[in-house]
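For reference, coords_28.txt is printed below; it contains compact mmCIF, C-alpha atoms.
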# COMPACT_ATOMS: atom_id res chain seq x y z
CA MET S 170 85.35 110.32 119.79
CA THR S 171 84.88 106.98 121.45
CA SER S 172 87.60 104.63 122.50
CA THR S 173 88.53 101.65 124.61
CA VAL S 174 91.93 100.28 125.59
CA PRO S 175 93.18 98.39 122.53
CA ALA S 176 94.25 94.77 122.65
CA PRO S 177 98.00 94.15 122.97
CA LEU S 178 99.78 94.57 119.63
CA THR S 179 101.84 91.49 118.80
CA ARG S 180 103.57 90.00 115.81
CA THR S 181 101.79 86.91 114.57
CA ALA S 182 103.34 83.53 113.88
CA ASP S 183 102.91 84.00 110.12
CA GLY S 184 105.27 86.98 110.15
CA SER S 185 102.61 89.62 109.85
CA ALA S 186 103.37 93.02 111.29
CA LEU S 187 99.76 94.22 111.09
CA GLN S 188 98.96 96.23 114.20
CA ALA S 189 95.57 97.77 113.41
CA VAL S 190 92.87 98.08 110.77
CA LEU S 191 91.39 101.50 109.99
CA LEU S 192 88.12 101.54 108.07
CA ASP S 193 86.34 104.31 106.19
CA MET S 194 82.53 104.38 106.55
CA ASP S 195 80.50 105.81 103.64
CA GLY S 196 80.92 103.73 100.51
CA THR S 197 83.29 101.33 102.27
CA LEU S 198 81.24 99.70 105.02
CA VAL S 199 77.83 101.20 104.27
CA ASP S 200 76.39 101.77 100.80
CA THR S 201 75.61 105.44 101.38
CA GLU S 202 77.73 107.47 98.93
CA GLY S 203 74.68 107.64 96.66
CA PHE S 204 72.57 108.86 99.58
CA TRP S 205 74.70 111.99 99.96
CA TRP S 206 74.46 112.83 96.26
CA ASP S 207 70.70 112.27 96.21
CA VAL S 208 70.30 114.62 99.18
CA GLU S 209 72.48 117.25 97.50
CA VAL S 210 70.44 117.00 94.30
CA GLU S 211 67.17 117.37 96.20
CA ILE S 212 68.30 120.35 98.28
CA PHE S 213 69.65 122.27 95.30
CA ALA S 214 66.51 121.49 93.30
CA ARG S 215 64.51 123.20 96.04
CA LEU S 216 66.88 126.15 95.70
CA GLY S 217 66.20 126.25 91.96
CA HIS S 218 69.41 124.65 90.73
CA THR S 219 70.20 121.44 88.86
CA LEU S 220 73.42 119.66 89.77
CA ASP S 221 75.60 118.40 86.93
CA ASP S 222 76.14 114.66 87.35
CA SER S 223 79.84 115.12 86.58
CA TRP S 224 80.19 117.03 89.86
CA ARG S 225 79.49 113.84 91.77
CA HIS S 226 83.09 112.73 91.33
CA VAL S 227 84.26 116.07 92.71
CA VAL S 228 82.27 115.96 95.93
CA VAL S 229 82.37 112.23 96.73
CA GLY S 230 84.36 111.20 99.78
CA GLY S 231 85.41 114.69 100.79
CA PRO S 232 84.75 116.73 103.91
CA MET S 233 81.35 118.36 103.92
CA THR S 234 82.81 121.87 103.96
CA ARG S 235 84.66 121.19 100.72
CA SER S 236 81.77 119.42 98.98
CA ALA S 237 79.13 121.91 100.07
CA GLY S 238 81.39 124.86 99.31
CA PHE S 239 82.06 123.57 95.80
CA LEU S 240 78.35 123.13 95.08
CA ILE S 241 77.48 126.61 96.34
CA GLU S 242 80.17 128.14 94.17
CA ALA S 243 79.32 126.02 91.13
CA THR S 244 75.60 126.82 91.25
CA GLY S 245 75.65 130.30 92.74
CA ALA S 246 72.90 129.20 95.14
CA ASP S 247 71.73 131.73 97.71
CA ILE S 248 72.62 129.73 100.81
CA THR S 249 75.44 129.85 103.33
CA LEU S 250 77.82 127.00 104.03
CA ALA S 251 76.48 126.69 107.59
CA GLU S 252 72.86 126.55 106.37
CA LEU S 253 73.66 123.95 103.73
CA THR S 254 75.59 121.79 106.19
CA VAL S 255 72.54 121.58 108.46
CA LEU S 256 70.30 120.63 105.53
CA LEU S 257 72.71 117.98 104.26
CA ASN S 258 73.10 116.30 107.65
CA GLN S 259 69.35 116.34 108.25
CA GLY S 260 68.60 115.01 104.78
CA PHE S 261 71.07 112.17 105.21
CA GLU S 262 69.71 111.27 108.63
CA ASP S 263 66.20 111.14 107.18
CA ARG S 264 67.37 108.69 104.52
CA ILE S 265 69.12 106.31 106.89
CA GLU S 266 65.99 106.21 109.05
CA HIS S 267 64.45 104.01 106.36
CA ALA S 268 67.35 101.92 105.11
CA LEU S 269 71.05 101.54 105.78
CA PRO S 270 72.46 98.93 103.41
CA LEU S 271 75.85 97.50 104.32
CA MET S 272 78.40 96.81 101.62
CA PRO S 273 78.81 93.14 100.66
CA GLY S 274 81.38 91.57 102.98
CA ALA S 275 81.22 94.29 105.64
CA THR S 276 79.42 92.24 108.30
CA ARG S 277 81.73 89.26 107.81
CA LEU S 278 84.92 91.38 107.91
CA LEU S 279 83.92 93.23 111.09
CA ALA S 280 83.03 89.96 112.80
CA GLU S 281 86.36 88.41 111.80
CA LEU S 282 88.39 91.37 113.05
CA SER S 283 86.50 91.30 116.35
CA ALA S 284 86.91 87.55 116.75
CA HIS S 285 90.69 87.88 116.38
CA ARG S 286 90.84 90.98 118.61
CA ILE S 287 92.40 93.12 115.90
CA PRO S 288 92.40 96.78 117.04
CA THR S 289 89.99 98.45 114.63
CA ALA S 290 89.00 102.08 114.11
CA LEU S 291 86.25 103.73 112.08
CA VAL S 292 87.68 106.82 110.39
CA SER S 293 85.17 109.01 108.55
CA ALA S 294 84.85 112.52 107.15
CA SER S 295 81.20 112.46 108.26
CA HIS S 296 80.20 114.39 111.36
CA ARG S 297 79.86 112.75 114.78
CA ARG S 298 76.06 112.92 114.73
CA ILE S 299 76.04 110.87 111.51
CA ILE S 300 78.66 108.36 112.67
CA ASP S 301 76.77 107.62 115.87
CA ARG S 302 73.61 106.89 113.88
CA VAL S 303 75.44 104.56 111.50
CA LEU S 304 77.25 102.78 114.35
CA ALA S 305 73.93 101.42 115.54
CA SER S 306 73.80 99.36 112.33
CA LEU S 307 77.50 98.51 112.08
CA GLY S 308 77.83 97.53 115.73
CA PRO S 309 79.85 99.85 117.99
CA GLN S 310 81.43 96.82 119.68
CA HIS S 311 83.54 96.24 116.57
CA PHE S 312 85.50 99.47 117.00
CA ALA S 313 88.02 100.40 119.67
CA LEU S 314 88.03 103.96 118.34
CA THR S 315 85.93 106.13 116.03
CA VAL S 316 87.10 109.38 114.44
CA ALA S 317 84.65 111.91 112.96
CA GLY S 318 85.41 114.61 110.43
CA ASP S 319 84.31 117.40 112.75
CA GLU S 320 86.61 116.22 115.55
CA VAL S 321 90.00 116.72 113.91
CA PRO S 322 91.66 120.02 112.91
CA ARG S 323 91.92 118.85 109.30
CA THR S 324 89.91 115.99 107.85
CA LYS S 325 90.47 113.96 104.68
CA PRO S 326 92.34 114.38 102.32
CA HIS S 327 94.77 115.47 105.06
CA PRO S 328 96.45 112.63 107.00
CA ASP S 329 95.28 113.87 110.42
CA PRO S 330 92.31 111.46 110.89
CA TYR S 331 94.42 108.38 110.16
CA LEU S 332 97.39 109.59 112.20
CA PHE S 333 95.02 110.25 115.11
CA ALA S 334 93.44 106.79 114.77
CA ALA S 335 96.80 105.00 114.62
CA ALA S 336 98.07 106.88 117.67
CA GLY S 337 94.84 106.17 119.53
CA LEU S 338 95.30 102.45 118.95
CA GLY S 339 98.99 102.55 119.84
CA ALA S 340 99.97 101.50 116.32
CA GLU S 341 102.57 102.67 113.82
CA PRO S 342 100.89 104.08 110.69
CA ALA S 343 103.08 101.93 108.44
CA ARG S 344 101.69 98.86 110.19
CA CYS S 345 98.07 99.88 109.78
CA ALA S 346 95.90 98.61 106.94
CA VAL S 347 93.34 101.14 105.73
CA VAL S 348 90.28 100.28 103.66
CA GLU S 349 88.92 103.18 101.59
CA ASP S 350 86.67 103.78 98.57
CA THR S 351 87.48 107.28 97.28
CA ALA S 352 90.50 109.20 96.06
CA THR S 353 90.10 111.67 98.92
CA GLY S 354 90.27 108.93 101.55
CA VAL S 355 93.13 107.18 99.79
CA ALA S 356 95.11 110.43 99.72
CA ALA S 357 94.61 110.84 103.47
CA ALA S 358 95.65 107.28 104.30
CA GLU S 359 98.70 107.34 102.04
CA ALA S 360 99.80 110.71 103.39
CA ALA S 361 99.65 109.15 106.87
CA GLY S 362 101.97 106.36 105.69
CA CYS S 363 99.45 103.51 105.90
CA GLN S 364 99.02 100.54 103.59
CA VAL S 365 95.81 101.07 101.64
CA VAL S 366 93.20 98.72 100.23
CA VAL S 367 90.83 100.44 97.84
CA VAL S 368 87.33 99.25 97.03
CA PRO S 369 86.26 101.96 94.54
CA SER S 370 82.65 103.09 94.91
CA VAL S 371 81.90 105.97 92.53
CA ALA S 372 85.08 106.62 90.54
CA PRO S 373 87.86 104.20 89.52
CA ILE S 374 91.16 104.42 91.40
CA PRO S 375 94.38 103.09 89.84
CA ARG S 376 96.85 100.80 91.54
CA ALA S 377 100.01 102.35 92.95
CA PRO S 378 102.93 101.39 95.23
CA GLY S 379 101.59 100.70 98.72
CA ARG S 380 98.04 100.57 97.37
CA THR S 381 95.95 97.49 96.54
CA VAL S 382 92.74 97.79 94.53
CA VAL S 383 90.03 95.13 94.79
CA GLY S 384 86.58 94.84 93.28
CA SER S 385 84.63 94.16 96.45
CA LEU S 386 84.99 94.06 100.20
CA GLU S 387 84.23 90.35 99.89
CA GLU S 388 87.81 89.94 98.67
CA VAL S 389 89.16 91.37 101.93
CA ASP S 390 89.70 89.24 105.02
CA LEU S 391 92.20 89.14 107.88
CA THR S 392 94.63 86.90 106.01
CA PHE S 393 94.56 89.35 103.09
CA LEU S 394 95.19 92.34 105.37
CA ARG S 395 98.00 90.62 107.24
CA GLY S 396 99.66 89.84 103.94
CA LEU S 397 99.94 93.54 103.12
CA ILE S 398 102.31 94.25 105.99
CA THR S 399 105.20 91.85 106.61
CA LEU S 400 108.24 92.11 108.82
CA ARG S 401 111.25 93.67 107.14

Just dump the structure as structure tokens.
Amino acid sequence: MTSTVPAPLTRTADGSALQAVLLDMDGTLVDTEGFWWDVEVEIFARLGHTLDDSWRHVVVGGPMTRSAGFLIEATGADITLAELTVLLNQGFEDRIEHALPLMPGATRLLAELSAHRIPTALVSASHRRIIDRVLASLGPQHFALTVAGDEVPRTKPHPDPYLFAAAGLGAEPARCAVVEDTATGVAAAEAAGCQVVVVPSVAPIPRAPGRTVVGSLEEVDLTFLRGLITLR
């Protein structure tokens, strides 16, 4: 985990109570959800198994142990969870060596949050080795804190990663805006008590109290995020 001392948390003149912004990585800031599925398909093909495309919605956005465990059980492949985890991480790293496309609006949003000194954390179910590689493209200077899936006792869909991030930034969860793309990530953020903005990547996610659904990250800016959390 990496961190710096966060900027002072203050209430803004427009009445916003936003204290921090917590951002998911895969499918939210970087267009990589498809990369993971492609790697899974390739690995299981080498093992002699064809993955059903409907399983993609099951494994997207979750911790690797859950996704990999599901695929082993579903296919009956002769491979251990530990062996598959190594192959998945290596396959993903090989793919991002060649291209790491950012989601539309990601560069602009990160720059805006940095310019206004909004405490920002990257909160991902991916392992530290993957996060550190992706940070080189996102810009580590944009994040006061990063939380990896293999650094918390329980990762998404449990609230632990977002509770840890909020505490690390000295913020109240209810005054944190989270941006997520999957049901697993949304469940984690909502369980932590955060306000959630959803930019669905693979599967649609319905609106709900405390949850805002948008079509693209290009619809999200600081004014939008501040408007989610107002003083009571």

- Pick out the closest residue to Val228 (chain S) from this set: S:Cys363, S:Leu386, S:Leu338, S:Ala372. Count all atoms listed in the file. S:Ala372

- Message: Measuring between only C-alpha atoms, which one of S:Ala358, S:Val321, S:Val348, S:Ala343 shows the shortest distance to Pro232 (chain S)?
- Response: S:Val321

- Item | Residue nearest Pro270 (chain S) among S:Ser385, S:Ser370, S:Ser185, S:Thr201 (counting only C-alpha atoms) |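 Counting only C-alpha atoms, the residue closest to Pro270 (chain S) is S:Thr201.
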
- Query: Can you tell me how far CA of Leu397 (chain S) sits from CA of Pro342 (chain S), in Å to one decimal?
  - Reply: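 Calculated distance between CA of Leu397 (chain S) and CA of Pro342 (chain S) is 13.0 Å.
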
- Message: For a test of reading the model, state the distance in Å between CA of Arg264 (chain S) and CA of Phe204 (chain S), rounded to one decimal.
- Response: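 Computing the Euclidean distance for CA of Arg264 (chain S) and CA of Phe204 (chain S) yields 7.2 Å.
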
- Task: Just the residues within 9 Å of Leu240 (chain S), please, counting only C-alpha atoms, with nothing from its chain fewer than 4 positions along; format it as an MDAnalysis selection string.
- Result: chainID S and resid 209 213 220 224 228 235:236 244:246

- Task: Figure out the distance between CA of Leu279 (chain S) and CA of Glu388 (chain S), please, to one decimal in Å.
- Result: 13.4 Å

- Task: Just the residues within 8 Å of region 327-331 of chain S, please, counting only C-alpha atoms, with nothing from its chain fewer than 2 positions along; format it as a list in words.
- Result: Leu191, Val292, Ser293, Val316, Ala317, Gly318, Val321, Pro322, Arg323, Thr324, Lys325, Phe333, Ala334, Ala335, Pro342, Ala356, Ala357, Ala358, Glu359, Ala360 and Ala361 of chain S

Could the residues in this selection be saved with C-alpha atoms as a PDB file, in the frame of the given file?
ATOM      1  CA  LEU S 191      91.390 101.500 109.990  1.00  0.00           C
ATOM      2  CA  VAL S 292      87.680 106.820 110.390  1.00  0.00           C
ATOM      3  CA  SER S 293      85.170 109.010 108.550  1.00  0.00           C
ATOM      4  CA  VAL S 316      87.100 109.380 114.440  1.00  0.00           C
ATOM      5  CA  ALA S 317      84.650 111.910 112.960  1.00  0.00           C
ATOM      6  CA  GLY S 318      85.410 114.610 110.430  1.00  0.00           C
ATOM      7  CA  VAL S 321      90.000 116.720 113.910  1.00  0.00           C
ATOM      8  CA  PRO S 322      91.660 120.020 112.910  1.00  0.00           C
ATOM      9  CA  ARG S 323      91.920 118.850 109.300  1.00  0.00           C
ATOM     10  CA  THR S 324      89.910 115.990 107.850  1.00  0.00           C
ATOM     11  CA  LYS S 325      90.470 113.960 104.680  1.00  0.00           C
ATOM     12  CA  PHE S 333      95.020 110.250 115.110  1.00  0.00           C
ATOM     13  CA  ALA S 334      93.440 106.790 114.770  1.00  0.00           C
ATOM     14  CA  ALA S 335      96.800 105.000 114.620  1.00  0.00           C
ATOM     15  CA  PRO S 342     100.890 104.080 110.690  1.00  0.00           C
ATOM     16  CA  ALA S 356      95.110 110.430  99.720  1.00  0.00           C
ATOM     17  CA  ALA S 357      94.610 110.840 103.470  1.00  0.00           C
ATOM     18  CA  ALA S 358      95.650 107.280 104.300  1.00  0.00           C
ATOM     19  CA  GLU S 359      98.700 107.340 102.040  1.00  0.00           C
ATOM     20  CA  ALA S 360      99.800 110.710 103.390  1.00  0.00           C
ATOM     21  CA  ALA S 361      99.650 109.150 106.870  1.00  0.00           C
TER      22      ALA S 361
END

For Cys345 (chain S): contacts at 9 Å, only C-alpha atoms, fewer than 3 positions along chain excluded, given as an mmCIF file with C-alpha atoms, in the coordinates of the input:
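Result written to around-v2.cif:
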data_model
loop_
_atom_site.group_PDB
_atom_site.id
_atom_site.type_symbol
_atom_site.label_atom_id
_atom_site.label_comp_id
_atom_site.auth_asym_id
_atom_site.auth_seq_id
_atom_site.Cartn_x
_atom_site.Cartn_y
_atom_site.Cartn_z
ATOM 1 C CA ALA S 186 103.370 93.020 111.290
ATOM 2 C CA LEU S 187 99.760 94.220 111.090
ATOM 3 C CA GLN S 188 98.960 96.230 114.200
ATOM 4 C CA ALA S 189 95.570 97.770 113.410
ATOM 5 C CA VAL S 190 92.870 98.080 110.770
ATOM 6 C CA LEU S 191 91.390 101.500 109.990
ATOM 7 C CA ALA S 335 96.800 105.000 114.620
ATOM 8 C CA ALA S 340 99.970 101.500 116.320
ATOM 9 C CA GLU S 341 102.570 102.670 113.820
ATOM 10 C CA PRO S 342 100.890 104.080 110.690
ATOM 11 C CA GLY S 362 101.970 106.360 105.690
ATOM 12 C CA CYS S 363 99.450 103.510 105.900
ATOM 13 C CA GLN S 364 99.020 100.540 103.590
ATOM 14 C CA VAL S 365 95.810 101.070 101.640
ATOM 15 C CA ILE S 398 102.310 94.250 105.990
#

- Which is closest to Val208 (chain S) among S:Val227, S:Leu256, S:Ile248, S:Met194, if we use only C-alpha atoms?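 Smallest separation from Val208 (chain S) among the options: S:Leu256.
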
- Message: Which residue is closest to Ser223 (chain S)? Choose from S:Arg286, S:Ala275, S:Trp206, S:Val366 and count all atoms listed in the file.
- Response: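 Residue with the minimum atom-to-atom distance to Ser223 (chain S): S:Trp206.
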
- Message: Calculated over all atoms listed in the file, which of the candidates S:Ala237, S:Ile299, S:Pro288, S:Pro273 has the smallest distance to Gly384 (chain S)?
- Response: S:Pro273

When you look at Val355 (chain S) with a cut-off of 8 Å (counting all atoms listed in the file), what residues show up, excluding the ones that are within fewer than 6 positions of it in the same chain? I need them as a PDB file with C-alpha atoms, in the frame of the given file.
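Below is the file result18.pdb, written as the result:
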ATOM      1  CA  PRO S 326      92.340 114.380 102.320  1.00  0.00           C
ATOM      2  CA  GLU S 349      88.920 103.180 101.590  1.00  0.00           C
ATOM      3  CA  VAL S 365      95.810 101.070 101.640  1.00  0.00           C
ATOM      4  CA  VAL S 367      90.830 100.440  97.840  1.00  0.00           C
TER       5      VAL S 367
END

- Item | Residue contacts of Leu307 (chain S) (10 Å, only C-alpha atoms) excluding same-chain residues fewer than 5 positions away, as a PyMOL selection string | chain S and resi 194+198-199+269+271+275-276+279+300-302+312
